[in-house]
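Content type PDB, C-alpha atoms and all ligand atoms, from the file data_17.pdb:
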ATOM      1  CA  MET A  16     -27.248   0.403 -17.631
ATOM      2  CA  ALA A  17     -23.966  -1.459 -17.393
ATOM      3  CA  PRO A  18     -23.807  -3.744 -14.358
ATOM      4  CA  ASN A  19     -20.772  -1.944 -12.939
ATOM      5  CA  SER A  20     -21.967   1.607 -13.417
ATOM      6  CA  ALA A  21     -22.937   1.981  -9.750
ATOM      7  CA  LEU A  22     -19.355   1.228  -8.778
ATOM      8  CA  THR A  23     -18.029   4.142 -10.778
ATOM      9  CA  SER A  24     -20.656   6.665  -9.661
ATOM     10  CA  PRO A  25     -19.494   9.232  -7.132
ATOM     11  CA  LEU A  26     -20.387   8.283  -3.566
ATOM     12  CA  ASN A  27     -23.533  10.017  -2.360
ATOM     13  CA  ALA A  28     -22.077  11.307   0.914
ATOM     14  CA  ASP A  29     -25.400  12.252   2.510
ATOM     15  CA  ALA A  30     -26.981   8.886   1.721
ATOM     16  CA  LYS A  31     -23.857   7.071   2.942
ATOM     17  CA  LYS A  32     -23.945   8.976   6.226
ATOM     18  CA  THR A  33     -27.659   8.425   6.796
ATOM     19  CA  LEU A  34     -27.440   4.725   6.002
ATOM     20  CA  LEU A  35     -24.305   3.969   8.038
ATOM     21  CA  ARG A  36     -25.837   5.713  11.048
ATOM     22  CA  LYS A  37     -28.657   3.147  10.946
ATOM     23  CA  ILE A  38     -26.231   0.427  12.080
ATOM     24  CA  PRO A  39     -27.162  -0.207  15.715
ATOM     25  CA  HIS A  40     -24.358  -0.053  18.274
ATOM     26  CA  GLY A  41     -23.774  -0.677  21.940
ATOM     27  CA  VAL A  42     -21.479   1.476  24.076
ATOM     28  CA  PHE A  43     -18.503  -0.254  25.678
ATOM     29  CA  ILE A  44     -15.356   0.586  27.610
ATOM     30  CA  CYS A  45     -12.311  -0.960  25.967
ATOM     31  CA  GLY A  46      -9.440  -1.617  28.370
ATOM     32  CA  VAL A  47      -5.761  -1.965  27.520
ATOM     33  CA  ALA A  48      -2.648  -2.584  29.605
ATOM     34  CA  GLU A  49       1.043  -2.248  28.803
ATOM     35  CA  GLY A  50       3.623  -2.749  31.522
ATOM     36  CA  GLU A  51       2.427  -0.807  34.563
ATOM     37  CA  GLU A  52       0.159   1.396  32.450
ATOM     38  CA  VAL A  53      -3.567   0.887  31.869
ATOM     39  CA  ASN A  54      -5.892   2.849  29.621
ATOM     40  CA  GLY A  55      -9.529   2.778  28.664
ATOM     41  CA  PHE A  56     -11.786   4.463  26.120
ATOM     42  CA  THR A  57     -15.378   4.433  24.951
ATOM     43  CA  ALA A  58     -15.933   2.203  21.930
ATOM     44  CA  SER A  59     -19.142   1.706  19.985
ATOM     45  CA  TRP A  60     -17.842   0.121  16.778
ATOM     46  CA  VAL A  61     -17.982  -3.370  18.249
ATOM     47  CA  THR A  62     -19.637  -6.586  17.116
ATOM     48  CA  GLN A  63     -19.324 -10.361  17.449
ATOM     49  CA  GLY A  64     -17.455 -12.070  14.608
ATOM     50  CA  SER A  65     -17.589 -15.813  15.282
ATOM     51  CA  PHE A  66     -19.287 -18.306  17.607
ATOM     52  CA  GLU A  67     -16.427 -20.812  17.678
ATOM     53  CA  PRO A  68     -13.920 -19.643  18.498
ATOM     54  CA  PRO A  69     -15.726 -16.656  20.030
ATOM     55  CA  LEU A  70     -14.480 -13.573  18.207
ATOM     56  CA  VAL A  71     -15.247  -9.888  18.613
ATOM     57  CA  VAL A  72     -14.499  -7.156  16.096
ATOM     58  CA  MET A  73     -13.704  -3.591  17.153
ATOM     59  CA  ALA A  74     -12.586  -0.541  15.164
ATOM     60  CA  VAL A  75     -10.106   1.743  16.957
ATOM     61  CA  ARG A  76      -8.968   5.204  15.887
ATOM     62  CA  ALA A  77      -5.557   4.985  14.291
ATOM     63  CA  ASP A  78      -4.353   8.076  16.187
ATOM     64  CA  SER A  79      -5.558   7.024  19.658
ATOM     65  CA  THR A  80      -3.326   6.109  22.573
ATOM     66  CA  SER A  81      -5.024   2.743  22.940
ATOM     67  CA  ASN A  82      -4.485   1.711  19.308
ATOM     68  CA  GLY A  83      -0.726   1.505  19.790
ATOM     69  CA  MET A  84      -1.144  -0.296  23.095
ATOM     70  CA  ILE A  85      -3.311  -2.958  21.438
ATOM     71  CA  GLN A  86      -0.804  -3.323  18.583
ATOM     72  CA  ARG A  87       2.114  -3.736  20.992
ATOM     73  CA  THR A  88       0.457  -6.026  23.567
ATOM     74  CA  GLY A  89      -1.877  -8.033  21.325
ATOM     75  CA  ARG A  90      -4.797  -7.875  23.727
ATOM     76  CA  PHE A  91      -7.731  -5.788  24.914
ATOM     77  CA  SER A  92     -10.772  -6.034  27.155
ATOM     78  CA  LEU A  93     -14.351  -4.978  26.442
ATOM     79  CA  ASN A  94     -16.588  -3.922  29.309
ATOM     80  CA  VAL A  95     -20.360  -3.940  28.789
ATOM     81  CA  LEU A  96     -21.928  -0.899  30.464
ATOM     82  CA  LYS A  97     -25.273  -0.921  32.254
ATOM     83  CA  ALA A  98     -28.099   1.038  30.604
ATOM     84  CA  ASP A  99     -27.772   3.810  33.233
ATOM     85  CA  GLN A 100     -23.993   4.324  32.833
ATOM     86  CA  LYS A 101     -24.067   7.037  30.130
ATOM     87  CA  ASP A 102     -22.180   9.492  32.381
ATOM     88  CA  LEU A 103     -19.359   6.991  32.763
ATOM     89  CA  ALA A 104     -19.203   6.455  29.010
ATOM     90  CA  ALA A 105     -18.778  10.232  28.651
ATOM     91  CA  VAL A 106     -15.787  10.193  30.995
ATOM     92  CA  PHE A 107     -14.102   7.611  28.779
ATOM     93  CA  PHE A 108     -14.188   9.566  25.529
ATOM     94  CA  LYS A 109     -13.079  12.905  26.967
ATOM     95  CA  PRO A 110      -9.433  14.009  27.225
ATOM     96  CA  GLN A 111      -7.732  12.807  30.387
ATOM     97  CA  LYS A 112      -4.926  14.231  32.549
ATOM     98  CA  GLY A 113      -2.669  11.226  32.123
ATOM     99  CA  VAL A 114      -2.946   7.835  30.464
ATOM    100  CA  GLY A 115      -5.383   5.745  32.527
ATOM    101  CA  GLY A 116      -6.728   8.762  34.434
ATOM    102  CA  ARG A 117     -10.292   8.029  33.335
ATOM    103  CA  PHE A 118     -10.278   4.995  35.626
ATOM    104  CA  ASP A 119     -10.387   7.372  38.622
ATOM    105  CA  ALA A 120     -14.126   7.454  37.859
ATOM    106  CA  ALA A 121     -14.461   3.683  37.598
ATOM    107  CA  PRO A 122     -12.618   1.209  39.832
ATOM    108  CA  PHE A 123     -11.426  -1.900  38.031
ATOM    109  CA  THR A 124      -9.762  -5.230  38.650
ATOM    110  CA  LEU A 125      -7.167  -6.779  36.355
ATOM    111  CA  GLY A 126      -8.439  -9.987  34.778
ATOM    112  CA  GLU A 127      -6.489 -13.168  34.081
ATOM    113  CA  LEU A 128      -4.943 -11.596  30.968
ATOM    114  CA  GLY A 129      -4.009  -8.502  32.979
ATOM    115  CA  LEU A 130      -6.651  -6.283  31.395
ATOM    116  CA  PRO A 131      -9.006  -3.852  33.168
ATOM    117  CA  ILE A 132     -12.429  -5.236  34.037
ATOM    118  CA  LEU A 133     -14.704  -2.583  35.545
ATOM    119  CA  ASN A 134     -16.034  -3.489  38.977
ATOM    120  CA  ASP A 135     -19.396  -1.860  38.268
ATOM    121  CA  ALA A 136     -20.735  -2.853  34.835
ATOM    122  CA  VAL A 137     -22.717  -5.730  33.348
ATOM    123  CA  GLY A 138     -19.362  -7.479  32.940
ATOM    124  CA  GLY A 139     -16.341  -7.723  30.707
ATOM    125  CA  VAL A 140     -14.371 -10.003  28.408
ATOM    126  CA  GLU A 141     -10.635 -10.217  27.758
ATOM    127  CA  CYS A 142      -9.462 -10.867  24.201
ATOM    128  CA  GLU A 143      -6.304 -11.893  22.417
ATOM    129  CA  LEU A 144      -5.681 -10.221  19.080
ATOM    130  CA  VAL A 145      -5.962 -12.662  16.166
ATOM    131  CA  GLY A 146      -6.142 -10.255  13.235
ATOM    132  CA  GLN A 147      -6.349  -6.676  12.103
ATOM    133  CA  VAL A 148      -7.012  -4.483   9.087
ATOM    134  CA  ALA A 149      -5.253  -1.098   9.068
ATOM    135  CA  HIS A 150      -6.903   0.836   6.254
ATOM    136  CA  GLY A 151      -8.404   4.263   6.826
ATOM    137  CA  ASP A 152      -8.738   6.263  10.024
ATOM    138  CA  HIS A 153      -9.567   3.261  12.242
ATOM    139  CA  THR A 154      -7.884  -0.111  12.631
ATOM    140  CA  VAL A 155     -10.263  -3.065  12.666
ATOM    141  CA  PHE A 156      -9.102  -5.457  15.363
ATOM    142  CA  VAL A 157     -10.342  -9.022  15.707
ATOM    143  CA  GLY A 158      -9.995 -10.515  19.174
ATOM    144  CA  GLU A 159     -10.633 -14.005  20.489
ATOM    145  CA  VAL A 160     -12.539 -13.964  23.770
ATOM    146  CA  LYS A 161     -10.426 -15.751  26.385
ATOM    147  CA  THR A 162     -12.120 -14.791  29.673
ATOM    148  CA  ALA A 163     -15.617 -13.587  30.557
ATOM    149  CA  THR A 164     -16.739 -12.035  33.846
ATOM    150  CA  LEU A 165     -20.444 -11.434  34.431
ATOM    151  CA  HIS A 166     -21.163  -9.109  37.362
ATOM    152  CA  ALA A 167     -24.854  -8.368  36.958
ATOM    153  CA  ASP A 168     -26.899  -9.432  33.965
ATOM    154  CA  GLY A 169     -29.332  -6.726  32.832
ATOM    155  CA  PRO A 170     -29.979  -4.151  30.114
ATOM    156  CA  ALA A 171     -26.834  -2.745  28.467
ATOM    157  CA  LEU A 172     -26.178   0.837  27.335
ATOM    158  CA  GLU A 173     -27.070   1.349  23.673
ATOM    159  CA  LEU A 174     -25.797   4.213  21.527
ATOM    160  CA  ALA A 175     -29.320   5.061  20.323
ATOM    161  CA  SER A 176     -30.408   5.881  23.899
ATOM    162  CA  THR A 177     -27.570   8.375  24.444
ATOM    163  CA  GLY A 178     -28.378  10.875  21.690
ATOM    164  CA  TRP A 179     -24.718  10.696  20.604
ATOM    165  CA  GLN A 180     -23.583   9.886  17.083
ATOM    166  CA  TYR A 181     -20.437   7.985  16.188
ATOM    167  CA  GLY A 182     -20.682   6.850  12.612
ATOM    168  CA  GLY A 183     -21.584   7.910   9.133
TER
HETATM  169  C1  LIG A 201     -20.241   7.737  21.244
HETATM  170  C2  LIG A 201     -18.776   7.515  20.978
HETATM  171  C3  LIG A 201     -18.352   6.305  20.478
HETATM  172  C4  LIG A 201     -17.000   6.081  20.202
HETATM  173  N1  LIG A 201     -16.625   4.893  19.661
HETATM  174  C5  LIG A 201     -15.318   4.705  19.332
HETATM  175  C6  LIG A 201     -14.896   3.513  18.708
HETATM  176  O1  LIG A 201     -15.679   2.598  18.443
HETATM  177  N2  LIG A 201     -13.579   3.390  18.421
HETATM  178  C7  LIG A 201     -12.675   4.380  18.715
HETATM  179  O2  LIG A 201     -11.478   4.210  18.449
HETATM  180  N3  LIG A 201     -13.043   5.521  19.302
HETATM  181  C8  LIG A 201     -14.343   5.708  19.621
HETATM  182  N4  LIG A 201     -14.717   6.857  20.207
HETATM  183  C9  LIG A 201     -13.692   7.870  20.485
HETATM  184  C10 LIG A 201     -12.786   7.492  21.659
HETATM  185  O3  LIG A 201     -13.540   7.193  22.818
HETATM  186  C11 LIG A 201     -11.815   8.664  21.929
HETATM  187  O4  LIG A 201     -11.096   8.936  20.732
HETATM  188  C12 LIG A 201     -10.845   8.405  23.057
HETATM  189  O5  LIG A 201     -10.323   9.664  23.450
HETATM  190  C13 LIG A 201      -9.668   7.509  22.722
HETATM  191  O6  LIG A 201      -8.904   7.384  23.890
HETATM  192  P1  LIG A 201      -7.324   7.099  23.905
HETATM  193  O7  LIG A 201      -6.658   8.083  22.952
HETATM  194  O8  LIG A 201      -6.928   7.336  25.343
HETATM  195  O9  LIG A 201      -7.104   5.682  23.486
HETATM  196  C14 LIG A 201     -16.062   7.097  20.468
HETATM  197  C15 LIG A 201     -16.485   8.334  20.978
HETATM  198  C16 LIG A 201     -17.835   8.543  21.207
HETATM  199  C17 LIG A 201     -18.287   9.889  21.707
END
Representation of the structure as structure tokens:
Amino acid sequence: MAPNSALTSPLNADAKKTLLRKIPHGVFICGVAEGEEVNGFTASWVTQGSFEPPLVVMAVRADSTSNGMIQRTGRFSLNVLKADQKDLAAVFFKPQKGVGGRFDAAPFTLGELGLPILNDAVGGVECELVGQVAHGDHTVFVGEVKTATLHADGPALELASTGWQYGG
């Protein structure tokens, strides 16, 4: 078999879906702020990308409200939820009345970069955008962690424990 034959085979969609869903994920609340407006949404496509400088990588739906806010402001926060905060995570992926309305369910404080840090969560980091790849239905943002607030160290919410799927 020619070495490159696998590259020209049609993608096995079922295998792709099964395999990509094996990637373990946490469940986070991403915060954004633009002028007087704040917004937040549930994000699970998040990972660390560098020790030094500390980088995080997050994929954000191209058609979401928050994507444009990140593009325009060049910053975002990531809040780490406690293991028992599944209900709150559900609030943050559902439609909301107005931009930022989801925060009615979760009081926050603006951090040093002006980004929402939930008052009740394991904690949160604020990031400055250092790179992005816009290709496909999500934009991959790379952020450098500039501030870190730890409220209460403990187990964090993991996607596997929720029964939800986001991936494949
Ligand atoms: C379990 C789960 C995980 C999600 N993870 C992401 C994610 O990593 N990135 C993303 O852009 N949207 C993700 N979403 C979808 C967003 O939370 C949703 O599109 C949200 O409405 C976007 O809000 P916005 O339009 O106000 O920015 C996820 C949804 C669920 C149910």
Exercise for review: Find the residues near ligand LIG 201 (chain A). Use a cut-off of 7 Å, count all atoms listed in the file, and write them as a PyMOL selection string.
Suggested key: chain A and resi 42+54-61+73-76+79-82+105+107-110+114+153+174+179-181
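Nearest-residue note for Pro39 of chain A: choosing from A:Ala121, A:Thr62, A:Leu26, A:Gly146, the minimum distance belongs to A:Thr62, counting only C-alpha atoms.
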Study note, to complete from the structure: Min atom-atom distance to Cys142 of chain A from the set A:Pro69, A:Gly182, A:Gly115, A:Gly50, counting only C-alpha atoms, belongs to A:Pro69
Practice item. Translate the PyMOL selection byres (((chain A and resi 49) around 12) and not hetatm), as applied to the file shown, into an explicit residue set as number ranges by chain. Key: A: 46-48, 50-55, 80-91, 114-115, 128-131
Using only C-alpha atoms, please write the residues we just selected to a file, as a PDB file, in the coordinates of the input.
ATOM      1  CA  GLY A  46      -9.440  -1.617  28.370  1.00  0.00           C
ATOM      2  CA  VAL A  47      -5.761  -1.965  27.520  1.00  0.00           C
ATOM      3  CA  ALA A  48      -2.648  -2.584  29.605  1.00  0.00           C
ATOM      4  CA  GLY A  50       3.623  -2.749  31.522  1.00  0.00           C
ATOM      5  CA  GLU A  51       2.427  -0.807  34.563  1.00  0.00           C
ATOM      6  CA  GLU A  52       0.159   1.396  32.450  1.00  0.00           C
ATOM      7  CA  VAL A  53      -3.567   0.887  31.869  1.00  0.00           C
ATOM      8  CA  ASN A  54      -5.892   2.849  29.621  1.00  0.00           C
ATOM      9  CA  GLY A  55      -9.529   2.778  28.664  1.00  0.00           C
ATOM     10  CA  THR A  80      -3.326   6.109  22.573  1.00  0.00           C
ATOM     11  CA  SER A  81      -5.024   2.743  22.940  1.00  0.00           C
ATOM     12  CA  ASN A  82      -4.485   1.711  19.308  1.00  0.00           C
ATOM     13  CA  GLY A  83      -0.726   1.505  19.790  1.00  0.00           C
ATOM     14  CA  MET A  84      -1.144  -0.296  23.095  1.00  0.00           C
ATOM     15  CA  ILE A  85      -3.311  -2.958  21.438  1.00  0.00           C
ATOM     16  CA  GLN A  86      -0.804  -3.323  18.583  1.00  0.00           C
ATOM     17  CA  ARG A  87       2.114  -3.736  20.992  1.00  0.00           C
ATOM     18  CA  THR A  88       0.457  -6.026  23.567  1.00  0.00           C
ATOM     19  CA  GLY A  89      -1.877  -8.033  21.325  1.00  0.00           C
ATOM     20  CA  ARG A  90      -4.797  -7.875  23.727  1.00  0.00           C
ATOM     21  CA  PHE A  91      -7.731  -5.788  24.914  1.00  0.00           C
ATOM     22  CA  VAL A 114      -2.946   7.835  30.464  1.00  0.00           C
ATOM     23  CA  GLY A 115      -5.383   5.745  32.527  1.00  0.00           C
ATOM     24  CA  LEU A 128      -4.943 -11.596  30.968  1.00  0.00           C
ATOM     25  CA  GLY A 129      -4.009  -8.502  32.979  1.00  0.00           C
ATOM     26  CA  LEU A 130      -6.651  -6.283  31.395  1.00  0.00           C
ATOM     27  CA  PRO A 131      -9.006  -3.852  33.168  1.00  0.00           C
TER      28      PRO A 131
END
Check your understanding: What's the 7 Å shell around Val95 of chain A, counting all atoms listed in the file, without same-chain residues fewer than 4 positions away, as a VMD selection string?
Key -> chain A and resid 43 to 44 136 to 139 171
Just add N, CA, C and O atoms to segment 72-86 of chain A and send it as an mmCIF file, keeping the file's coordinate frame.
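Output below, filename selection.cif:
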data_model
loop_
_atom_site.group_PDB
_atom_site.id
_atom_site.type_symbol
_atom_site.label_atom_id
_atom_site.label_comp_id
_atom_site.auth_asym_id
_atom_site.auth_seq_id
_atom_site.Cartn_x
_atom_site.Cartn_y
_atom_site.Cartn_z
ATOM 1 N N VAL A 72 -15.107 -8.070 17.067
ATOM 2 C CA VAL A 72 -14.499 -7.156 16.096
ATOM 3 C C VAL A 72 -14.689 -5.738 16.622
ATOM 4 O O VAL A 72 -15.791 -5.385 17.047
ATOM 5 N N MET A 73 -13.615 -4.958 16.624
ATOM 6 C CA MET A 73 -13.704 -3.591 17.153
ATOM 7 C C MET A 73 -12.824 -2.681 16.291
ATOM 8 O O MET A 73 -11.681 -3.021 15.982
ATOM 9 N N ALA A 74 -13.363 -1.519 15.942
ATOM 10 C CA ALA A 74 -12.586 -0.541 15.164
ATOM 11 C C ALA A 74 -12.062 0.533 16.119
ATOM 12 O O ALA A 74 -12.825 1.097 16.900
ATOM 13 N N VAL A 75 -10.767 0.810 16.031
ATOM 14 C CA VAL A 75 -10.106 1.743 16.957
ATOM 15 C C VAL A 75 -9.365 2.817 16.173
ATOM 16 O O VAL A 75 -8.575 2.500 15.264
ATOM 17 N N ARG A 76 -9.617 4.064 16.555
ATOM 18 C CA ARG A 76 -8.968 5.204 15.887
ATOM 19 C C ARG A 76 -7.465 4.985 15.752
ATOM 20 O O ARG A 76 -6.793 4.657 16.723
ATOM 21 N N ALA A 77 -6.977 5.217 14.552
ATOM 22 C CA ALA A 77 -5.557 4.985 14.291
ATOM 23 C C ALA A 77 -4.675 5.900 15.135
ATOM 24 O O ALA A 77 -3.562 5.528 15.508
ATOM 25 N N ASP A 78 -5.188 7.102 15.464
ATOM 26 C CA ASP A 78 -4.353 8.076 16.187
ATOM 27 C C ASP A 78 -4.586 8.052 17.697
ATOM 28 O O ASP A 78 -4.124 8.936 18.405
ATOM 29 N N SER A 79 -5.290 7.055 18.211
ATOM 30 C CA SER A 79 -5.558 7.024 19.658
ATOM 31 C C SER A 79 -4.401 6.383 20.419
ATOM 32 O O SER A 79 -3.604 5.630 19.865
ATOM 33 N N THR A 80 -4.334 6.705 21.698
ATOM 34 C CA THR A 80 -3.326 6.109 22.573
ATOM 35 C C THR A 80 -3.495 4.594 22.627
ATOM 36 O O THR A 80 -2.522 3.826 22.577
ATOM 37 N N SER A 81 -4.754 4.169 22.727
ATOM 38 C CA SER A 81 -5.024 2.743 22.940
ATOM 39 C C SER A 81 -4.676 1.907 21.711
ATOM 40 O O SER A 81 -4.314 0.729 21.854
ATOM 41 N N ASN A 82 -4.780 2.487 20.512
ATOM 42 C CA ASN A 82 -4.485 1.711 19.308
ATOM 43 C C ASN A 82 -3.075 1.127 19.384
ATOM 44 O O ASN A 82 -2.862 -0.068 19.176
ATOM 45 N N GLY A 83 -2.109 1.973 19.703
ATOM 46 C CA GLY A 83 -0.726 1.505 19.790
ATOM 47 C C GLY A 83 -0.548 0.468 20.882
ATOM 48 O O GLY A 83 0.217 -0.495 20.725
ATOM 49 N N MET A 84 -1.270 0.663 21.987
ATOM 50 C CA MET A 84 -1.144 -0.296 23.095
ATOM 51 C C MET A 84 -1.691 -1.673 22.693
ATOM 52 O O MET A 84 -1.132 -2.711 23.050
ATOM 53 N N ILE A 85 -2.767 -1.673 21.912
ATOM 54 C CA ILE A 85 -3.311 -2.958 21.438
ATOM 55 C C ILE A 85 -2.325 -3.609 20.465
ATOM 56 O O ILE A 85 -2.055 -4.813 20.531
ATOM 57 N N GLN A 86 -1.771 -2.781 19.564
ATOM 58 C CA GLN A 86 -0.804 -3.323 18.583
ATOM 59 C C GLN A 86 0.386 -3.963 19.300
ATOM 60 O O GLN A 86 0.855 -5.031 18.907
#
